[in-house]
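Have a look at data.txt below; it lists compact mmCIF, C-alpha atoms.
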# COMPACT_ATOMS: atom_id res chain seq x y z
CA MET A 224 20.32 -1.44 -46.74
CA THR A 225 21.58 -3.18 -43.61
CA ASN A 226 21.29 -1.13 -40.43
CA ALA A 227 24.46 -0.55 -38.42
CA VAL A 228 23.88 -0.42 -34.68
CA ILE A 229 25.92 0.31 -31.58
CA VAL A 230 25.57 -2.57 -29.15
CA ASP A 231 27.75 -1.03 -26.45
CA ILE A 232 30.13 1.87 -25.99
CA VAL A 233 32.59 2.67 -23.21
CA ARG A 234 35.38 5.04 -22.27
CA THR A 235 38.04 5.55 -19.67
CA ALA A 236 37.80 8.42 -17.25
CA SER A 237 40.00 11.32 -18.34
CA GLY A 238 43.49 11.89 -17.00
CA LYS A 239 45.40 15.14 -17.14
CA GLY A 240 47.67 14.93 -20.15
CA LYS A 241 50.89 15.86 -18.42
CA PRO A 242 53.54 14.16 -16.29
CA GLY A 243 51.97 13.21 -12.97
CA GLY A 244 48.48 12.94 -14.47
CA ALA A 245 46.37 10.04 -13.26
CA LEU A 246 47.00 8.00 -16.44
CA SER A 247 50.48 9.25 -17.30
CA GLU A 248 52.12 5.95 -16.29
CA VAL A 249 49.73 3.88 -18.44
CA HIS A 250 50.94 2.93 -21.92
CA SER A 251 48.62 3.95 -24.76
CA ALA A 252 48.20 0.32 -25.81
CA ASP A 253 47.05 -0.57 -22.29
CA LEU A 254 44.58 2.33 -22.31
CA LEU A 255 43.06 1.17 -25.58
CA ALA A 256 43.18 -2.50 -24.59
CA THR A 257 41.20 -1.62 -21.46
CA VAL A 258 38.18 -0.39 -23.41
CA LEU A 259 38.45 -3.19 -25.98
CA GLY A 260 38.43 -5.77 -23.20
CA ALA A 261 35.53 -4.03 -21.49
CA LEU A 262 33.36 -4.37 -24.59
CA VAL A 263 34.01 -8.13 -24.64
CA GLU A 264 33.36 -8.47 -20.92
CA ARG A 265 30.17 -6.39 -20.93
CA THR A 266 28.59 -8.00 -24.00
CA GLY A 267 29.99 -11.53 -23.81
CA ILE A 268 30.87 -11.44 -27.50
CA ASP A 269 33.55 -13.79 -28.80
CA PRO A 270 36.33 -11.42 -29.96
CA ALA A 271 37.09 -13.81 -32.80
CA LEU A 272 33.88 -12.52 -34.42
CA VAL A 273 35.30 -9.01 -34.79
CA ASP A 274 36.06 -8.38 -38.45
CA ASP A 275 38.16 -5.28 -37.83
CA VAL A 276 39.25 -2.87 -35.10
CA ILE A 277 39.48 0.70 -36.38
CA ALA A 278 41.25 3.10 -34.02
CA GLY A 279 41.61 6.86 -34.16
CA CYS A 280 44.94 8.24 -32.98
CA VAL A 281 46.45 11.61 -33.90
CA SER A 282 50.07 11.43 -32.73
CA GLN A 283 51.13 8.10 -34.20
CA THR A 284 54.67 8.06 -32.88
CA GLY A 285 56.43 6.84 -29.76
CA ASP A 286 54.07 4.68 -27.69
CA GLN A 287 51.40 5.16 -30.36
CA ALA A 288 53.46 4.20 -33.41
CA LEU A 289 53.27 1.08 -35.58
CA ASN A 290 49.47 0.75 -35.70
CA ILE A 291 48.21 1.16 -32.14
CA ALA A 292 44.95 -0.60 -33.07
CA ARG A 293 46.69 -3.89 -33.80
CA THR A 294 48.99 -3.56 -30.80
CA ALA A 295 46.13 -2.86 -28.42
CA LEU A 296 43.84 -5.64 -29.59
CA LEU A 297 46.65 -8.15 -29.08
CA VAL A 298 47.35 -6.69 -25.64
CA ALA A 299 43.64 -7.12 -24.90
CA GLY A 300 43.94 -10.83 -25.69
CA PHE A 301 41.99 -10.81 -28.96
CA PRO A 302 42.82 -13.71 -31.30
CA GLU A 303 45.66 -13.10 -33.74
CA SER A 304 43.12 -13.49 -36.55
CA VAL A 305 41.54 -10.11 -35.69
CA PRO A 306 43.01 -7.25 -37.76
CA GLY A 307 43.29 -3.62 -36.77
CA THR A 308 44.05 -0.32 -38.43
CA SER A 309 44.74 3.19 -37.18
CA LEU A 310 43.58 6.44 -38.73
CA ASP A 311 44.16 10.14 -38.27
CA ARG A 312 41.43 12.64 -39.02
CA GLN A 313 42.79 14.85 -36.28
CA CYS A 314 40.34 15.48 -33.42
CA GLY A 315 37.59 13.58 -35.23
CA SER A 316 39.65 10.42 -35.68
CA SER A 317 37.53 8.02 -33.63
CA GLN A 318 34.31 9.60 -34.90
CA GLN A 319 35.61 8.80 -38.37
CA ALA A 320 36.36 5.29 -37.11
CA VAL A 321 32.66 4.99 -36.20
CA HIS A 322 31.74 6.09 -39.71
CA PHE A 323 34.08 3.60 -41.37
CA ALA A 324 32.96 0.74 -39.11
CA ALA A 325 29.27 1.48 -39.63
CA GLN A 326 29.66 1.99 -43.37
CA GLY A 327 31.50 -1.33 -43.59
CA VAL A 328 28.61 -3.04 -41.83
CA MET A 329 26.02 -1.30 -44.02
CA ALA A 330 27.91 -2.28 -47.16
CA GLY A 331 28.14 -5.92 -46.07
CA ALA A 332 31.93 -5.88 -45.71
CA TYR A 333 31.72 -6.41 -41.93
CA ASP A 334 29.34 -8.22 -39.64
CA VAL A 335 31.03 -6.94 -36.48
CA ALA A 336 33.54 -4.13 -36.03
CA ILE A 337 34.95 -2.02 -33.22
CA ALA A 338 35.47 1.71 -33.63
CA CYS A 339 37.73 3.18 -31.00
CA GLY A 340 40.37 5.76 -30.24
CA VAL A 341 43.17 6.63 -27.87
CA GLU A 342 45.54 9.46 -27.04
CA SER A 343 48.05 9.69 -24.23
CA MET A 344 49.01 13.34 -24.38
CA SER A 345 51.22 12.97 -21.32
CA ARG A 346 53.38 10.29 -22.95
CA VAL A 347 53.11 11.40 -26.59
CA PRO A 348 52.82 15.20 -26.60
CA MET A 349 50.57 16.93 -29.11
CA GLY A 350 52.53 17.56 -32.29
CA ALA A 351 55.10 14.87 -31.54
CA SER A 352 54.51 13.23 -34.90
CA SER A 353 55.37 16.49 -36.70
CA THR A 354 58.86 17.93 -36.85
CA GLY A 355 59.30 21.66 -37.10
CA GLY A 356 55.67 22.67 -36.55
CA VAL A 357 52.96 22.55 -39.23
CA PRO A 358 54.51 20.62 -42.14
CA LEU A 359 53.40 22.91 -44.99
CA GLY A 360 55.98 21.78 -47.56
CA PRO A 361 54.46 22.13 -51.03
CA LEU A 362 51.23 23.39 -49.42
CA ALA A 363 53.07 26.68 -48.87
CA LYS A 364 52.48 27.41 -52.56
CA ARG A 365 48.79 27.77 -51.68
CA TYR A 366 48.97 28.98 -48.07
CA ALA A 367 51.85 31.19 -47.02
CA SER A 368 51.26 30.18 -43.41
CA LEU A 369 48.60 28.47 -41.36
CA PRO A 370 48.27 29.56 -37.72
CA ASN A 371 47.61 27.12 -34.90
CA GLN A 372 44.16 26.17 -33.69
CA GLY A 373 44.29 28.72 -30.88
CA ILE A 374 44.40 31.51 -33.45
CA GLY A 375 41.49 29.88 -35.25
CA ALA A 376 39.54 30.02 -32.00
CA GLU A 377 40.47 33.67 -31.56
CA LEU A 378 39.24 34.43 -35.08
CA ILE A 379 35.90 32.73 -34.38
CA ALA A 380 35.49 34.67 -31.14
CA SER A 381 36.15 37.96 -32.90
CA ARG A 382 34.12 37.28 -36.05
CA TRP A 383 31.10 36.04 -34.11
CA LYS A 384 31.61 38.82 -31.56
CA PHE A 385 31.79 36.61 -28.46
CA SER A 386 33.05 38.47 -25.43
CA ARG A 387 35.58 37.05 -23.01
CA GLU A 388 32.76 36.91 -20.46
CA GLN A 389 30.60 34.77 -22.75
CA LEU A 390 33.45 32.35 -23.34
CA ASP A 391 34.22 32.03 -19.64
CA GLU A 392 30.56 31.63 -18.70
CA PHE A 393 30.16 28.81 -21.22
CA SER A 394 33.30 27.14 -19.90
CA ALA A 395 32.11 27.37 -16.30
CA ARG A 396 28.82 25.83 -17.46
CA SER A 397 30.75 22.87 -18.88
CA HIS A 398 32.41 22.17 -15.53
CA ARG A 399 29.15 22.69 -13.61
CA LEU A 400 27.17 20.28 -15.78
CA ALA A 401 29.94 17.68 -15.81
CA SER A 402 30.41 17.80 -12.05
CA GLU A 403 26.66 17.65 -11.37
CA HIS A 404 26.21 14.64 -13.66
CA ALA A 405 29.27 12.92 -12.23
CA ALA A 406 27.92 13.37 -8.71
CA ALA A 407 24.61 11.88 -9.82
CA GLY A 408 26.33 8.81 -11.32
CA ALA A 409 25.41 9.75 -14.89
CA PHE A 410 28.80 8.67 -16.26
CA ASP A 411 28.97 5.37 -14.39
CA ASN A 412 27.61 3.30 -17.28
CA GLU A 413 30.16 4.62 -19.77
CA ILE A 414 33.33 4.73 -17.67
CA VAL A 415 35.37 1.54 -17.25
CA PRO A 416 38.19 1.36 -14.69
CA VAL A 417 41.82 1.56 -15.76
CA ALA A 418 44.29 -0.51 -13.75
CA LEU A 419 47.21 1.65 -12.62
CA PRO A 420 50.80 0.34 -12.61
CA GLY A 421 51.26 1.25 -8.96
CA GLY A 422 48.03 -0.43 -7.92
CA GLY A 423 44.47 0.81 -7.73
CA GLN A 424 42.16 1.97 -10.50
CA HIS A 425 41.30 5.23 -12.20
CA THR A 426 37.54 5.79 -12.50
CA VAL A 427 36.85 9.53 -12.16
CA ASP A 428 37.42 12.28 -14.74
CA GLU A 429 40.47 14.14 -13.47
CA THR A 430 39.90 17.19 -15.69
CA VAL A 431 36.54 18.23 -14.17
CA ARG A 432 36.78 21.05 -11.64
CA ALA A 433 33.57 21.41 -9.65
CA ASP A 434 34.59 24.77 -8.19
CA THR A 435 35.11 26.49 -11.56
CA THR A 436 33.40 29.87 -11.95
CA ALA A 437 33.36 32.45 -14.71
CA GLU A 438 34.79 34.94 -12.24
CA GLY A 439 37.73 32.65 -11.52
CA LEU A 440 38.36 32.03 -15.21
CA ALA A 441 38.40 35.76 -15.87
CA GLY A 442 41.77 36.01 -14.13
CA LEU A 443 43.56 33.77 -16.64
CA ARG A 444 45.81 35.30 -19.28
CA ALA A 445 45.33 34.84 -23.02
CA ALA A 446 47.25 31.78 -24.17
CA PHE A 447 48.01 32.67 -27.80
CA GLU A 448 48.70 36.41 -27.76
CA ASN A 449 51.40 37.22 -30.29
CA ALA A 450 52.42 40.67 -31.54
CA GLU A 451 53.20 39.52 -35.07
CA LEU A 452 49.89 37.68 -35.42
CA GLY A 453 48.15 40.65 -33.85
CA GLU A 454 49.33 42.76 -36.78
CA ARG A 455 48.13 40.14 -39.23
CA TYR A 456 44.76 39.75 -37.51
CA PRO A 457 43.97 43.14 -35.93
CA GLU A 458 40.40 42.06 -35.12
CA ILE A 459 41.57 39.53 -32.52
CA ALA A 460 40.81 40.56 -28.93
CA TRP A 461 42.97 37.81 -27.35
CA SER A 462 40.30 36.07 -25.29
CA ILE A 463 41.27 32.38 -25.54
CA THR A 464 42.79 31.08 -22.29
CA PRO A 465 43.53 27.67 -20.78
CA GLY A 466 40.21 28.04 -18.95
CA ASN A 467 38.01 28.31 -22.05
CA SER A 468 39.95 25.67 -23.99
CA SER A 469 39.96 21.90 -23.67
CA PRO A 470 42.82 20.57 -21.51
CA LEU A 471 45.55 18.18 -22.62
CA THR A 472 44.09 14.77 -21.80
CA ASP A 473 44.83 11.05 -21.66
CA GLY A 474 42.03 8.62 -22.46
CA ALA A 475 40.51 5.94 -24.67
CA SER A 476 37.04 4.90 -25.80
CA ALA A 477 35.45 2.21 -27.96
CA ALA A 478 32.15 1.20 -29.59
CA LEU A 479 30.98 -2.26 -30.63
CA ILE A 480 29.19 -1.93 -33.99
CA MET A 481 27.40 -4.60 -35.98
CA SER A 482 24.40 -5.21 -38.19
CA ASP A 483 21.05 -5.40 -36.48
CA GLU A 484 20.67 -8.93 -37.87
CA LYS A 485 23.96 -10.01 -36.29
CA ALA A 486 22.97 -8.47 -32.98
CA ALA A 487 19.70 -10.43 -33.04
CA ALA A 488 21.52 -13.65 -33.92
CA LEU A 489 23.89 -13.14 -30.99
CA GLY A 490 21.09 -12.26 -28.59
CA LEU A 491 22.45 -8.73 -28.09
CA LYS A 492 20.26 -5.66 -27.67
CA PRO A 493 21.42 -2.63 -29.67
CA ARG A 494 21.51 0.74 -27.93
CA ALA A 495 21.51 3.06 -30.95
CA ARG A 496 21.28 3.01 -34.73
CA LEU A 497 23.81 4.89 -36.86
CA HIS A 498 21.41 7.07 -38.83
CA THR A 499 23.35 9.49 -41.06
CA PHE A 500 26.98 10.52 -41.66
CA ALA A 501 28.76 13.50 -43.16
CA VAL A 502 32.30 14.79 -43.40
CA VAL A 503 33.44 18.10 -44.88
CA GLY A 504 36.51 20.19 -45.45
CA SER A 505 36.59 23.81 -44.34
CA ASP A 506 38.88 26.85 -44.35
CA PRO A 507 42.22 25.62 -42.93
CA GLU A 508 43.16 29.08 -41.68
CA ILE A 509 40.28 29.59 -39.25
CA MET A 510 40.19 25.77 -39.15
CA LEU A 511 37.44 25.23 -36.56
CA THR A 512 34.22 26.21 -38.35
CA GLY A 513 33.72 22.86 -40.09
CA PRO A 514 30.98 21.66 -37.70
CA ILE A 515 28.62 24.24 -39.21
CA PRO A 516 28.65 22.96 -42.84
CA ALA A 517 29.01 19.37 -41.59
CA THR A 518 25.78 19.74 -39.60
CA GLU A 519 24.00 21.35 -42.53
CA LYS A 520 25.09 18.45 -44.73
CA VAL A 521 24.13 15.68 -42.30
CA LEU A 522 20.72 17.23 -41.61
CA ALA A 523 20.01 17.57 -45.34
CA ARG A 524 20.94 13.93 -45.89
CA SER A 525 18.88 12.72 -42.94
CA GLY A 526 15.66 14.55 -43.75
CA LEU A 527 15.63 15.87 -40.18
CA THR A 528 15.78 19.42 -38.87
CA ILE A 529 17.70 20.78 -35.93
CA GLU A 530 14.40 20.86 -34.02
CA ASP A 531 14.13 17.08 -34.40
CA ILE A 532 17.43 16.53 -32.59
CA ASP A 533 17.07 15.94 -28.84
CA ALA A 534 20.73 16.49 -27.89
CA TYR A 535 23.82 17.83 -29.62
CA GLU A 536 27.41 17.00 -28.74
CA VAL A 537 29.62 19.66 -30.30
CA ASN A 538 33.21 19.16 -29.22
CA GLU A 539 34.44 21.92 -26.95
CA ALA A 540 37.94 22.20 -28.35
CA PHE A 541 37.56 25.90 -27.53
CA ALA A 542 34.47 27.68 -26.18
CA PRO A 543 33.78 29.74 -29.34
CA VAL A 544 33.44 26.58 -31.47
CA PRO A 545 30.13 25.27 -30.03
CA LEU A 546 28.92 28.83 -29.44
CA ALA A 547 29.37 29.77 -33.10
CA TRP A 548 27.81 26.46 -34.16
CA ALA A 549 24.75 27.08 -31.95
CA ALA A 550 24.37 30.62 -33.27
CA GLU A 551 24.52 29.54 -36.92
CA MET A 552 22.23 26.54 -36.43
CA ASN A 553 19.75 28.45 -34.24
CA ALA A 554 20.09 25.53 -31.84
CA ASP A 555 18.49 25.20 -28.42
CA PRO A 556 21.30 25.98 -25.94
CA GLY A 557 19.73 23.64 -23.39
CA ARG A 558 20.32 20.66 -25.70
CA LEU A 559 23.97 21.56 -26.35
CA ASN A 560 26.49 19.39 -24.48
CA PRO A 561 23.93 18.73 -21.74
CA ARG A 562 26.42 16.81 -19.55
CA GLY A 563 29.28 19.24 -20.07
CA GLY A 564 31.88 18.99 -22.78
CA ALA A 565 35.57 18.69 -23.47
CA ILE A 566 36.45 21.87 -21.58
CA ALA A 567 35.57 19.89 -18.45
CA LEU A 568 35.64 16.23 -19.49
CA GLY A 569 38.82 16.50 -21.51
CA HIS A 570 39.87 16.05 -25.12
CA PRO A 571 42.16 13.05 -25.70
CA LEU A 572 42.34 13.87 -29.42
CA GLY A 573 42.06 10.46 -31.13
CA GLY A 574 39.85 9.14 -28.34
CA SER A 575 37.36 12.00 -28.28
CA GLY A 576 34.98 10.92 -31.04
CA THR A 577 33.81 7.73 -29.38
CA ARG A 578 33.97 9.47 -25.97
CA LEU A 579 31.40 12.04 -27.11
CA MET A 580 29.30 9.27 -28.63
CA ALA A 581 29.29 7.34 -25.34
CA THR A 582 28.10 10.38 -23.41
CA LEU A 583 25.48 11.18 -26.06
CA ILE A 584 23.99 7.67 -26.06
CA ASN A 585 23.81 7.55 -22.28
CA HIS A 586 22.14 10.96 -22.20
CA LEU A 587 19.51 9.93 -24.77
CA GLU A 588 18.77 6.79 -22.78
CA ALA A 589 18.42 8.72 -19.52
CA SER A 590 16.33 11.52 -21.01
CA GLY A 591 14.18 9.46 -23.38
CA GLY A 592 15.40 11.40 -26.41
CA ARG A 593 15.28 9.82 -29.84
CA TYR A 594 17.86 11.56 -32.03
CA GLY A 595 21.35 12.77 -31.15
CA LEU A 596 23.80 14.73 -33.27
CA GLN A 597 27.57 14.78 -32.80
CA THR A 598 30.05 16.99 -34.61
CA MET A 599 33.71 17.91 -34.14
CA CYS A 600 36.08 20.47 -35.58
CA GLU A 601 39.34 19.01 -36.85
CA GLY A 602 42.86 20.23 -37.50
CA GLY A 603 43.54 21.38 -41.04
CA GLY A 604 39.93 22.50 -41.49
CA MET A 605 37.56 19.51 -41.50
CA ALA A 606 34.62 18.18 -39.51
CA ASN A 607 32.60 15.01 -39.08
CA ALA A 608 28.91 14.93 -38.20
CA THR A 609 26.89 11.92 -37.10
CA ILE A 610 23.21 11.44 -36.30
CA ILE A 611 22.23 8.49 -34.14
CA GLU A 612 18.80 7.17 -33.18
CA ARG A 613 18.26 5.66 -29.77
CA ILE A 614 16.76 2.17 -29.86
Represent the structure contained in this file as C-alpha cells.
Amino acid sequence: MTNAVIVDIVRTASGKGKPGGALSEVHSADLLATVLGALVERTGIDPALVDDVIAGCVSQTGDQALNIARTALLVAGFPESVPGTSLDRQCGSSQQAVHFAAQGVMAGAYDVAIACGVESMSRVPMGASSTGGVPLGPLAKRYASLPNQGIGAELIASRWKFSREQLDEFSARSHRLASEHAAAGAFDNEIVPVALPGGGQHTVDETVRADTTAEGLAGLRAAFENAELGERYPEIAWSITPGNSSPLTDGASAALIMSDEKAAALGLKPRARLHTFAVVGSDPEIMLTGPIPATEKVLARSGLTIEDIDAYEVNEAFAPVPLAWAAEMNADPGRLNPRGGAIALGHPLGGSGTRLMATLINHLEASGGRYGLQTMCEGGGMANATIIERI
C-alpha cells in the first residue's frame, strides 16, 4: 500500500478565546488561510496540485459557516480548482482530517492533500452552532440527559481517585514545560506569524503562563459545581477549575500530506509517516475516556506496544483525561505531553488535532525519537488515535 507522509506541518500561536484576545480581531478564514499559505511558502509546492483541503471546525456557524475550508483556501489564493470540505468530530476534528487525508492518499484517491483545522472561540463561542444546549431530540429516548464535558472530567477525577492537588500539579507542569520550551525556541519551527488587522504580528502563545504554580491554582473555585448534579453524582468532589482545564482559544493549524512517491517526484523531504489510525466511540455520559480504548485499538493494529512509543500527545482538555489515560496504559509520565499540553498551549477545538501533531513531530525530530502517538477525547464520547513514525 502507498505510504502517506507529512511533508510539513504548521500552526498559529494561540490567542485567548475571548474579546480582547490577541487573535480576536482576526476572521477565522484569515486564521486558516495563514497556515495554508505558510505550507505553500515553506515547501514551494504549487497549490494547484492539492487534491483536497480537509478542515476540522466544531462551531460551523457565523464566521465559520458555509464550509470554512473552501472559504479559507480561496482567501489564501489557492486556485479555484482546489476543493475543500469541513468536518466536525468535535475536539478531534483536525486529527480526523489527518486520517481522512492520509487514508485518501493510501487508497490512491489523492496524491496531495492538506489536513487542517481552525476555531476562533472569541468570535464564534463554543456551542454557538447548537441552540438550547445539547440537542438530544430523539436521543432522549436512550439518554435522559447528558451532562457537559466538565462533569465528565469530574467523574474521571473521582473514579480514578485523582486529588485536586494532583490535578493542579499536572496543570502547573503543563505551563512549566510549555514556557521552558518556548523560551528555548522549541516552537519556532511550527509557529507561523499571523498578521493583525491593526498592524504587527502574533507569534507567541498567549495562553501560556510561565508563573503558574500548583499553589496558585489551588485558590481557584470549582467551575462546574451544581447541587442538582451533586445529588445525581454523589461521588464528585468538585475539583475541576479553570486552572486545570484547557482555556478557550483561537488558532489554526495545517499539515501537507502526500504519498512518498509524490514527495520524491517533487523533491520534497517527508518529516513523518502516518503509521496507524484508530477511532472509537465511548460512553457519552462520562464522554472523555475514549483515548483509552482508542490507544488500545491503535496499538493492536500497529503491532507496537506502549513501550515502543517515544512520545505521547494526549490532549489536555482537562487534567484528569491524560492522567487517567497514563494510569490505564501504564505509560511513562516523562513521555506524556513533553512540551506541555492544551492546559497551557490552548485548545482551539477544530484546530487542536493538527496543532498537537505539529508539536509531536517537532519533539520527535529534536529528541531523535522514532514513534509518536496522539489521541484526543471528543464531545459525545469518541476519540481518535494516530501513530506516526519520524523519517
Skipping near chain neighbours, those fewer than 3 positions away, what residues fall within 9 Å of Thr308 in chain A using all atoms listed in the file, listed as a short mmCIF file (atom, residue, chain, number, x, y, z; two decimals) with C-alpha atoms, in the frame of the given file?
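Dumped to out-v9.cif:
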data_model
loop_
_atom_site.label_atom_id
_atom_site.label_comp_id
_atom_site.auth_asym_id
_atom_site.auth_seq_id
_atom_site.Cartn_x
_atom_site.Cartn_y
_atom_site.Cartn_z
CA ASP A 275 38.16 -5.28 -37.83
CA VAL A 276 39.25 -2.87 -35.10
CA ILE A 277 39.48 0.70 -36.38
CA ALA A 278 41.25 3.10 -34.02
CA GLY A 279 41.61 6.86 -34.16
CA ASN A 290 49.47 0.75 -35.70
CA ILE A 291 48.21 1.16 -32.14
CA ALA A 292 44.95 -0.60 -33.07
CA ARG A 293 46.69 -3.89 -33.80
#
_Could you check which residues have any atom within 8 Å of (41.0, 24.7, -22.7), counting all atoms listed in the file with coordinates taken straight from the file, and then list them as a VMD selection string?_
chain A and resid 464 to 471 540 to 542 566
*Counting only C-alpha atoms, which of A:Ala401, A:Met599, A:Ala478, A:Leu419 gets nearest to Asp253 in chain A?*
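When distances to Asp253 in chain A are compared using only C-alpha atoms, the smallest one comes from A:Leu419.
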*Given the choices A:Gly442, A:Gly602, A:Gly576, A:Pro507, which gets closest to Arg387 in chain A if the distance is worked out from only C-alpha atoms?*
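Looking only at the distances to Arg387 in chain A, the closest residue turns out to be A:Gly442.
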Can I get the residues of range 381-486 of chain A within 10 Å of range 225-246 of chain A, each with the closest pair of atoms and their distance in Å to one decimal, using only C-alpha atoms, sorted chain first then ascending number, as JSON lines?
{"residue": "A:Phe410", "atom": "CA", "partner": "A:Ala236", "partner_atom": "CA", "distance": 9.1}
{"residue": "A:Asp411", "atom": "CA", "partner": "A:Ala236", "partner_atom": "CA", "distance": 9.8}
{"residue": "A:Asn412", "atom": "CA", "partner": "A:Val233", "partner_atom": "CA", "distance": 7.8}
{"residue": "A:Glu413", "atom": "CA", "partner": "A:Val233", "partner_atom": "CA", "distance": 4.6}
{"residue": "A:Ile414", "atom": "CA", "partner": "A:Arg234", "partner_atom": "CA", "distance": 5.0}
{"residue": "A:Val415", "atom": "CA", "partner": "A:Thr235", "partner_atom": "CA", "distance": 5.4}
{"residue": "A:Pro416", "atom": "CA", "partner": "A:Thr235", "partner_atom": "CA", "distance": 6.5}
{"residue": "A:Val417", "atom": "CA", "partner": "A:Thr235", "partner_atom": "CA", "distance": 6.7}
{"residue": "A:Ala418", "atom": "CA", "partner": "A:Leu246", "partner_atom": "CA", "distance": 9.3}
{"residue": "A:Leu419", "atom": "CA", "partner": "A:Leu246", "partner_atom": "CA", "distance": 7.4}
{"residue": "A:Pro420", "atom": "CA", "partner": "A:Leu246", "partner_atom": "CA", "distance": 9.4}
{"residue": "A:Gln424", "atom": "CA", "partner": "A:Ala245", "partner_atom": "CA", "distance": 9.5}
{"residue": "A:His425", "atom": "CA", "partner": "A:Ala236", "partner_atom": "CA", "distance": 6.9}
{"residue": "A:Thr426", "atom": "CA", "partner": "A:Ala236", "partner_atom": "CA", "distance": 5.4}
{"residue": "A:Val427", "atom": "CA", "partner": "A:Ala236", "partner_atom": "CA", "distance": 5.3}
{"residue": "A:Asp428", "atom": "CA", "partner": "A:Ser237", "partner_atom": "CA", "distance": 4.5}
{"residue": "A:Glu429", "atom": "CA", "partner": "A:Gly238", "partner_atom": "CA", "distance": 5.2}
{"residue": "A:Thr430", "atom": "CA", "partner": "A:Lys239", "partner_atom": "CA", "distance": 6.0}
{"residue": "A:Val431", "atom": "CA", "partner": "A:Ser237", "partner_atom": "CA", "distance": 8.8}
{"residue": "A:Pro470", "atom": "CA", "partner": "A:Lys239", "partner_atom": "CA", "distance": 7.4}
{"residue": "A:Leu471", "atom": "CA", "partner": "A:Gly240", "partner_atom": "CA", "distance": 4.6}
{"residue": "A:Thr472", "atom": "CA", "partner": "A:Gly240", "partner_atom": "CA", "distance": 3.9}
{"residue": "A:Asp473", "atom": "CA", "partner": "A:Gly238", "partner_atom": "CA", "distance": 4.9}
{"residue": "A:Gly474", "atom": "CA", "partner": "A:Ser237", "partner_atom": "CA", "distance": 5.3}
{"residue": "A:Ala475", "atom": "CA", "partner": "A:Thr235", "partner_atom": "CA", "distance": 5.6}
{"residue": "A:Ser476", "atom": "CA", "partner": "A:Arg234", "partner_atom": "CA", "distance": 3.9}
{"residue": "A:Ala477", "atom": "CA", "partner": "A:Val233", "partner_atom": "CA", "distance": 5.6}
{"residue": "A:Ala478", "atom": "CA", "partner": "A:Ile232", "partner_atom": "CA", "distance": 4.2}
{"residue": "A:Leu479", "atom": "CA", "partner": "A:Asp231", "partner_atom": "CA", "distance": 5.4}
{"residue": "A:Ile480", "atom": "CA", "partner": "A:Ile229", "partner_atom": "CA", "distance": 4.6}
{"residue": "A:Met481", "atom": "CA", "partner": "A:Ala227", "partner_atom": "CA", "distance": 5.6}
{"residue": "A:Ser482", "atom": "CA", "partner": "A:Ala227", "partner_atom": "CA", "distance": 4.7}
{"residue": "A:Asp483", "atom": "CA", "partner": "A:Asn226", "partner_atom": "CA", "distance": 5.8}
{"residue": "A:Glu484", "atom": "CA", "partner": "A:Thr225", "partner_atom": "CA", "distance": 8.2}
{"residue": "A:Lys485", "atom": "CA", "partner": "A:Ala227", "partner_atom": "CA", "distance": 9.7}
{"residue": "A:Ala486", "atom": "CA", "partner": "A:Val230", "partner_atom": "CA", "distance": 7.5}
Output file for the selection above: C-alpha atoms, as a PDB file, keeping the file's coordinate frame:
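And here's out.pdb as it stands now:
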ATOM      1  CA  PHE A 410      28.800   8.670 -16.260  1.00  0.00           C
ATOM      2  CA  ASP A 411      28.970   5.370 -14.390  1.00  0.00           C
ATOM      3  CA  ASN A 412      27.610   3.300 -17.280  1.00  0.00           C
ATOM      4  CA  GLU A 413      30.160   4.620 -19.770  1.00  0.00           C
ATOM      5  CA  ILE A 414      33.330   4.730 -17.670  1.00  0.00           C
ATOM      6  CA  VAL A 415      35.370   1.540 -17.250  1.00  0.00           C
ATOM      7  CA  PRO A 416      38.190   1.360 -14.690  1.00  0.00           C
ATOM      8  CA  VAL A 417      41.820   1.560 -15.760  1.00  0.00           C
ATOM      9  CA  ALA A 418      44.290  -0.510 -13.750  1.00  0.00           C
ATOM     10  CA  LEU A 419      47.210   1.650 -12.620  1.00  0.00           C
ATOM     11  CA  PRO A 420      50.800   0.340 -12.610  1.00  0.00           C
ATOM     12  CA  GLN A 424      42.160   1.970 -10.500  1.00  0.00           C
ATOM     13  CA  HIS A 425      41.300   5.230 -12.200  1.00  0.00           C
ATOM     14  CA  THR A 426      37.540   5.790 -12.500  1.00  0.00           C
ATOM     15  CA  VAL A 427      36.850   9.530 -12.160  1.00  0.00           C
ATOM     16  CA  ASP A 428      37.420  12.280 -14.740  1.00  0.00           C
ATOM     17  CA  GLU A 429      40.470  14.140 -13.470  1.00  0.00           C
ATOM     18  CA  THR A 430      39.900  17.190 -15.690  1.00  0.00           C
ATOM     19  CA  VAL A 431      36.540  18.230 -14.170  1.00  0.00           C
ATOM     20  CA  PRO A 470      42.820  20.570 -21.510  1.00  0.00           C
ATOM     21  CA  LEU A 471      45.550  18.180 -22.620  1.00  0.00           C
ATOM     22  CA  THR A 472      44.090  14.770 -21.800  1.00  0.00           C
ATOM     23  CA  ASP A 473      44.830  11.050 -21.660  1.00  0.00           C
ATOM     24  CA  GLY A 474      42.030   8.620 -22.460  1.00  0.00           C
ATOM     25  CA  ALA A 475      40.510   5.940 -24.670  1.00  0.00           C
ATOM     26  CA  SER A 476      37.040   4.900 -25.800  1.00  0.00           C
ATOM     27  CA  ALA A 477      35.450   2.210 -27.960  1.00  0.00           C
ATOM     28  CA  ALA A 478      32.150   1.200 -29.590  1.00  0.00           C
ATOM     29  CA  LEU A 479      30.980  -2.260 -30.630  1.00  0.00           C
ATOM     30  CA  ILE A 480      29.190  -1.930 -33.990  1.00  0.00           C
ATOM     31  CA  MET A 481      27.400  -4.600 -35.980  1.00  0.00           C
ATOM     32  CA  SER A 482      24.400  -5.210 -38.190  1.00  0.00           C
ATOM     33  CA  ASP A 483      21.050  -5.400 -36.480  1.00  0.00           C
ATOM     34  CA  GLU A 484      20.670  -8.930 -37.870  1.00  0.00           C
ATOM     35  CA  LYS A 485      23.960 -10.010 -36.290  1.00  0.00           C
ATOM     36  CA  ALA A 486      22.970  -8.470 -32.980  1.00  0.00           C
TER      37      ALA A 486
END
*asked:* One number please: CA of Glu342 in chain A to CA of His398 in chain A, in Å, one decimal.
replied: 21.6 Å
*Kindly give the distance, in Å, that separates CA of Ile268 in chain A and CA of Thr577 in chain A, rounded to a single decimal.*
19.5 Å
*Mind pulling up the distance from CA of Ile337 in chain A to CA of Ala295 in chain A?*
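Computed distance, CA of Ala295 in chain A to CA of Ile337 in chain A, equals 12.2 Å.
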